[in-house]
$ cat start12.pdb   # PDB, C-alpha atoms
ATOM      1  CA  MET A   1      56.394  61.724 -92.260
ATOM      2  CA  LEU A   2      56.060  63.945 -95.289
ATOM      3  CA  ALA A   3      52.745  65.609 -96.057
ATOM      4  CA  TYR A   4      52.108  63.584 -99.221
ATOM      5  CA  GLU A   5      52.931  60.096 -97.915
ATOM      6  CA  ASN A   6      49.355  59.132 -97.049
ATOM      7  CA  LYS A   7      47.595  60.989 -99.854
ATOM      8  CA  GLN A   8      47.047  60.384-103.542
ATOM      9  CA  PHE A   9      48.253  63.012-105.988
ATOM     10  CA  CYS A  10      48.506  63.183-109.751
ATOM     11  CA  LYS A  11      51.757  62.421-111.574
ATOM     12  CA  CYS A  12      52.553  66.147-111.779
ATOM     13  CA  LEU A  13      53.942  65.832-108.254
ATOM     14  CA  GLU A  14      56.436  63.098-109.130
ATOM     15  CA  ARG A  15      60.142  63.855-108.692
ATOM     16  CA  PRO A  16      61.190  66.336-111.374
ATOM     17  CA  PRO A  17      64.432  66.035-113.314
ATOM     18  CA  LEU A  18      67.132  68.327-111.919
ATOM     19  CA  ARG A  19      66.984  70.807-114.806
ATOM     20  CA  ALA A  20      63.182  71.111-114.520
ATOM     21  CA  ALA A  21      63.413  71.561-110.740
ATOM     22  CA  LEU A  22      65.945  74.366-111.170
ATOM     23  CA  ARG A  23      63.736  76.081-113.756
ATOM     24  CA  GLN A  24      60.673  75.770-111.518
ATOM     25  CA  LEU A  25      62.563  77.311-108.591
ATOM     26  CA  TRP A  26      63.776  80.180-110.789
ATOM     27  CA  ASP A  27      60.216  80.829-112.001
ATOM     28  CA  GLU A  28      58.921  80.905-108.418
ATOM     29  CA  ILE A  29      61.686  83.279-107.295
ATOM     30  CA  VAL A  30      60.792  85.642-110.162
ATOM     31  CA  GLU A  31      57.122  85.509-109.090
ATOM     32  CA  LEU A  32      58.127  86.258-105.489
ATOM     33  CA  ILE A  33      60.152  89.283-106.630
ATOM     34  CA  HIS A  34      57.271  90.611-108.753
ATOM     35  CA  THR A  35      54.551  89.820-106.206
ATOM     36  CA  PRO A  36      56.059  89.575-102.727
ATOM     37  CA  SER A  37      53.701  87.709-100.394
ATOM     38  CA  LEU A  38      53.612  84.848 -97.925
ATOM     39  CA  ASP A  39      51.798  82.826-100.572
ATOM     40  CA  GLU A  40      54.668  83.256-103.039
ATOM     41  CA  LEU A  41      57.223  82.565-100.298
ATOM     42  CA  SER A  42      55.420  79.307 -99.583
ATOM     43  CA  ASP A  43      55.525  78.449-103.306
ATOM     44  CA  CYS A  44      59.295  79.098-103.322
ATOM     45  CA  THR A  45      59.986  76.949-100.278
ATOM     46  CA  PHE A  46      57.849  74.134-101.687
ATOM     47  CA  THR A  47      59.725  74.304-104.983
ATOM     48  CA  LEU A  48      63.056  74.336-103.141
ATOM     49  CA  GLY A  49      61.908  71.169-101.361
ATOM     50  CA  ARG A  50      61.237  69.593-104.757
ATOM     51  CA  LEU A  51      64.702  70.606-105.975
ATOM     52  CA  LEU A  52      66.366  69.156-102.874
ATOM     53  CA  GLY A  53      64.254  66.040-103.280
ATOM     54  CA  SER A  54      65.383  65.711-106.871
ATOM     55  CA  LEU A  55      69.016  66.020-105.793
ATOM     56  CA  SER A  56      68.568  63.341-103.136
ATOM     57  CA  GLY A  57      66.461  60.936-105.211
ATOM     58  CA  GLN A  58      63.223  61.712-103.373
ATOM     59  CA  ARG A  59      60.004  63.333-104.490
ATOM     60  CA  TYR A  60      60.155  66.078-101.897
ATOM     61  CA  ILE A  61      61.963  67.205 -98.762
ATOM     62  CA  LYS A  62      59.861  68.998 -96.152
ATOM     63  CA  MET A  63      60.647  72.702 -95.928
ATOM     64  CA  PRO A  64      59.774  75.519 -93.519
ATOM     65  CA  PHE A  65      56.861  77.704 -94.684
ATOM     66  CA  ASP A  66      55.559  75.147 -97.234
ATOM     67  CA  LYS A  67      52.259  74.454 -95.453
ATOM     68  CA  LYS A  68      50.331  77.132 -97.357
ATOM     69  CA  HIS A  69      51.386  75.549-100.655
ATOM     70  CA  TRP A  70      50.365  72.062 -99.469
ATOM     71  CA  ILE A  71      46.927  73.431 -98.570
ATOM     72  CA  LYS A  72      46.611  74.813-102.132
ATOM     73  CA  ILE A  73      47.667  71.456-103.600
ATOM     74  CA  GLU A  74      45.103  69.548-101.553
ATOM     75  CA  ALA A  75      42.334  71.972-102.563
ATOM     76  CA  ARG A  76      43.307  71.701-106.255
ATOM     77  CA  MET A  77      43.231  67.900-106.066
ATOM     78  CA  LYS A  78      39.713  68.009-104.621
ATOM     79  CA  PHE A  79      38.528  70.568-107.172
ATOM     80  CA  HIS A  80      40.024  69.344-110.463
ATOM     81  CA  GLY A  81      42.191  66.305-109.666
ATOM     82  CA  CYS A  82      45.557  67.947-110.331
ATOM     83  CA  VAL A  83      48.136  69.672-108.146
ATOM     84  CA  ARG A  84      48.625  72.412-110.732
ATOM     85  CA  SER A  85      46.788  75.709-110.811
ATOM     86  CA  PRO A  86      43.965  76.028-113.373
ATOM     87  CA  GLN A  87      46.059  78.015-115.883
ATOM     88  CA  HIS A  88      48.456  75.050-116.185
ATOM     89  CA  LEU A  89      45.750  72.509-117.036
ATOM     90  CA  ARG A  90      45.176  71.295-120.594
ATOM     91  CA  SER A  91      41.562  71.812-121.585
ATOM     92  CA  GLY A  92      40.673  71.703-117.886
ATOM     93  CA  GLN A  93      42.457  68.386-117.364
ATOM     94  CA  CYS A  94      45.649  67.343-115.595
ATOM     95  CA  PRO A  95      48.564  67.370-118.072
ATOM     96  CA  SER A  96      49.869  64.099-116.615
ATOM     97  CA  ALA A  97      46.613  62.216-117.197
TER      98      ALA A  97
END

$ encode --input "start12.pdb" --output "structure tokens"
Amino acid sequence: MLAYENKQFCKCLERPPLRAALRQLWDEIVELIHTPSLDELSDCTFTLGRLLGSLSGQRYIKMPFDKKHWIKIEARMKFHGCVRSPQHLRSGQCPSA
């Protein structure tokens, strides 16, 4: 069972188009290079899982080391109702709302 199957998330977590998934993975890899940390590694593995999910027609494929990112997502959902970090919100709201 995948981590999101029994939870409600905003539409930002829906399966991304392939091009968007590739761009997101590239952005995360650049962040990992600039700020190497377990947190950034977790972001990269999560984003890779989204890319693989996109390729296979799923929302996400579980990846090693993604737990830290899932914990961040769950906390963000509780705090402001969106899986994205605060700097990606629009006027404090989920962009998919």

$ closest_atom_pairs --input "start12.pdb" --of "region 5-60 of chain A" --to "region 74-83 of chain A" --cutoff "10 Å" --atoms "all atoms listed in the file" --output "CSV"
residue,atom,partner,partner_atom,distance
A:Lys7,CA,A:Glu74,CA,9.1
A:Gln8,CA,A:Met77,CA,8.8
A:Phe9,CA,A:Val83,CA,7.0
A:Cys10,CA,A:Cys82,CA,5.6
A:Lys11,CA,A:Cys82,CA,8.4
A:Cys12,CA,A:Val83,CA,6.7
A:Leu13,CA,A:Val83,CA,7.0

$ resolve_selection --input "start12.pdb" --expression "the PyMOL selection byres ((chain A and resi 31-43) around 7)" --output "list in words"
Asp27, Glu28, Ile29, Val30, Cys44, Thr45, Phe46, Thr47, Phe65, Asp66, Lys68 and His69 of chain A

$ write_last_selection --input "start12.pdb" --atoms "C-alpha atoms" --output "compact mmCIF listing (two decimals), keeping the file's coordinate frame"
# COMPACT_ATOMS: atom_id res chain seq x y z
CA ASP A 27 60.22 80.83 -112.00
CA GLU A 28 58.92 80.90 -108.42
CA ILE A 29 61.69 83.28 -107.30
CA VAL A 30 60.79 85.64 -110.16
CA CYS A 44 59.30 79.10 -103.32
CA THR A 45 59.99 76.95 -100.28
CA PHE A 46 57.85 74.13 -101.69
CA THR A 47 59.72 74.30 -104.98
CA PHE A 65 56.86 77.70 -94.68
CA ASP A 66 55.56 75.15 -97.23
CA LYS A 68 50.33 77.13 -97.36
CA HIS A 69 51.39 75.55 -100.66

$ atom_distance --input "start12.pdb" --atom1 "CA of Gly57 (chain A)" --atom2 "CA of Trp70 (chain A)"
20.4 Å

$ residues_around --input "start12.pdb" --residues "Pro17 (chain A)" --least-positions-apart "2" --cutoff "12 Å" --atoms "all atoms listed in the file" --output "list in words"
Cys12, Leu13, Glu14, Arg15, Arg19, Ala20, Ala21, Leu22, Arg23, Gln24, Arg50, Leu51, Leu52, Gly53, Ser54, Leu55, Ser56, Gly57, Gln58 and Arg59 of chain A

$ write_last_selection --input "start12.pdb" --atoms "C-alpha atoms" --output "CSV table (one decimal), keeping the file's coordinate frame"
chain,number,residue,atom,x,y,z
A,12,CYS,CA,52.6,66.1,-111.8
A,13,LEU,CA,53.9,65.8,-108.3
A,14,GLU,CA,56.4,63.1,-109.1
A,15,ARG,CA,60.1,63.9,-108.7
A,19,ARG,CA,67.0,70.8,-114.8
A,20,ALA,CA,63.2,71.1,-114.5
A,21,ALA,CA,63.4,71.6,-110.7
A,22,LEU,CA,65.9,74.4,-111.2
A,23,ARG,CA,63.7,76.1,-113.8
A,24,GLN,CA,60.7,75.8,-111.5
A,50,ARG,CA,61.2,69.6,-104.8
A,51,LEU,CA,64.7,70.6,-106.0
A,52,LEU,CA,66.4,69.2,-102.9
A,53,GLY,CA,64.3,66.0,-103.3
A,54,SER,CA,65.4,65.7,-106.9
A,55,LEU,CA,69.0,66.0,-105.8
A,56,SER,CA,68.6,63.3,-103.1
A,57,GLY,CA,66.5,60.9,-105.2
A,58,GLN,CA,63.2,61.7,-103.4
A,59,ARG,CA,60.0,63.3,-104.5

$ atom_distance --input "start12.pdb" --atom1 "CA of Lys67 (chain A)" --atom2 "CA of Leu18 (chain A)"
23.0 Å

$ atom_distance --input "start12.pdb" --atom1 "CA of Cys94 (chain A)" --atom2 "CA of Trp26 (chain A)"
22.7 Å

$ closest_residue --input "start12.pdb" --among "A:Pro95, A:Pro86, A:Gly49, A:Pro64" --to "Leu25 (chain A)" --atoms "all atoms listed in the file"
A:Gly49
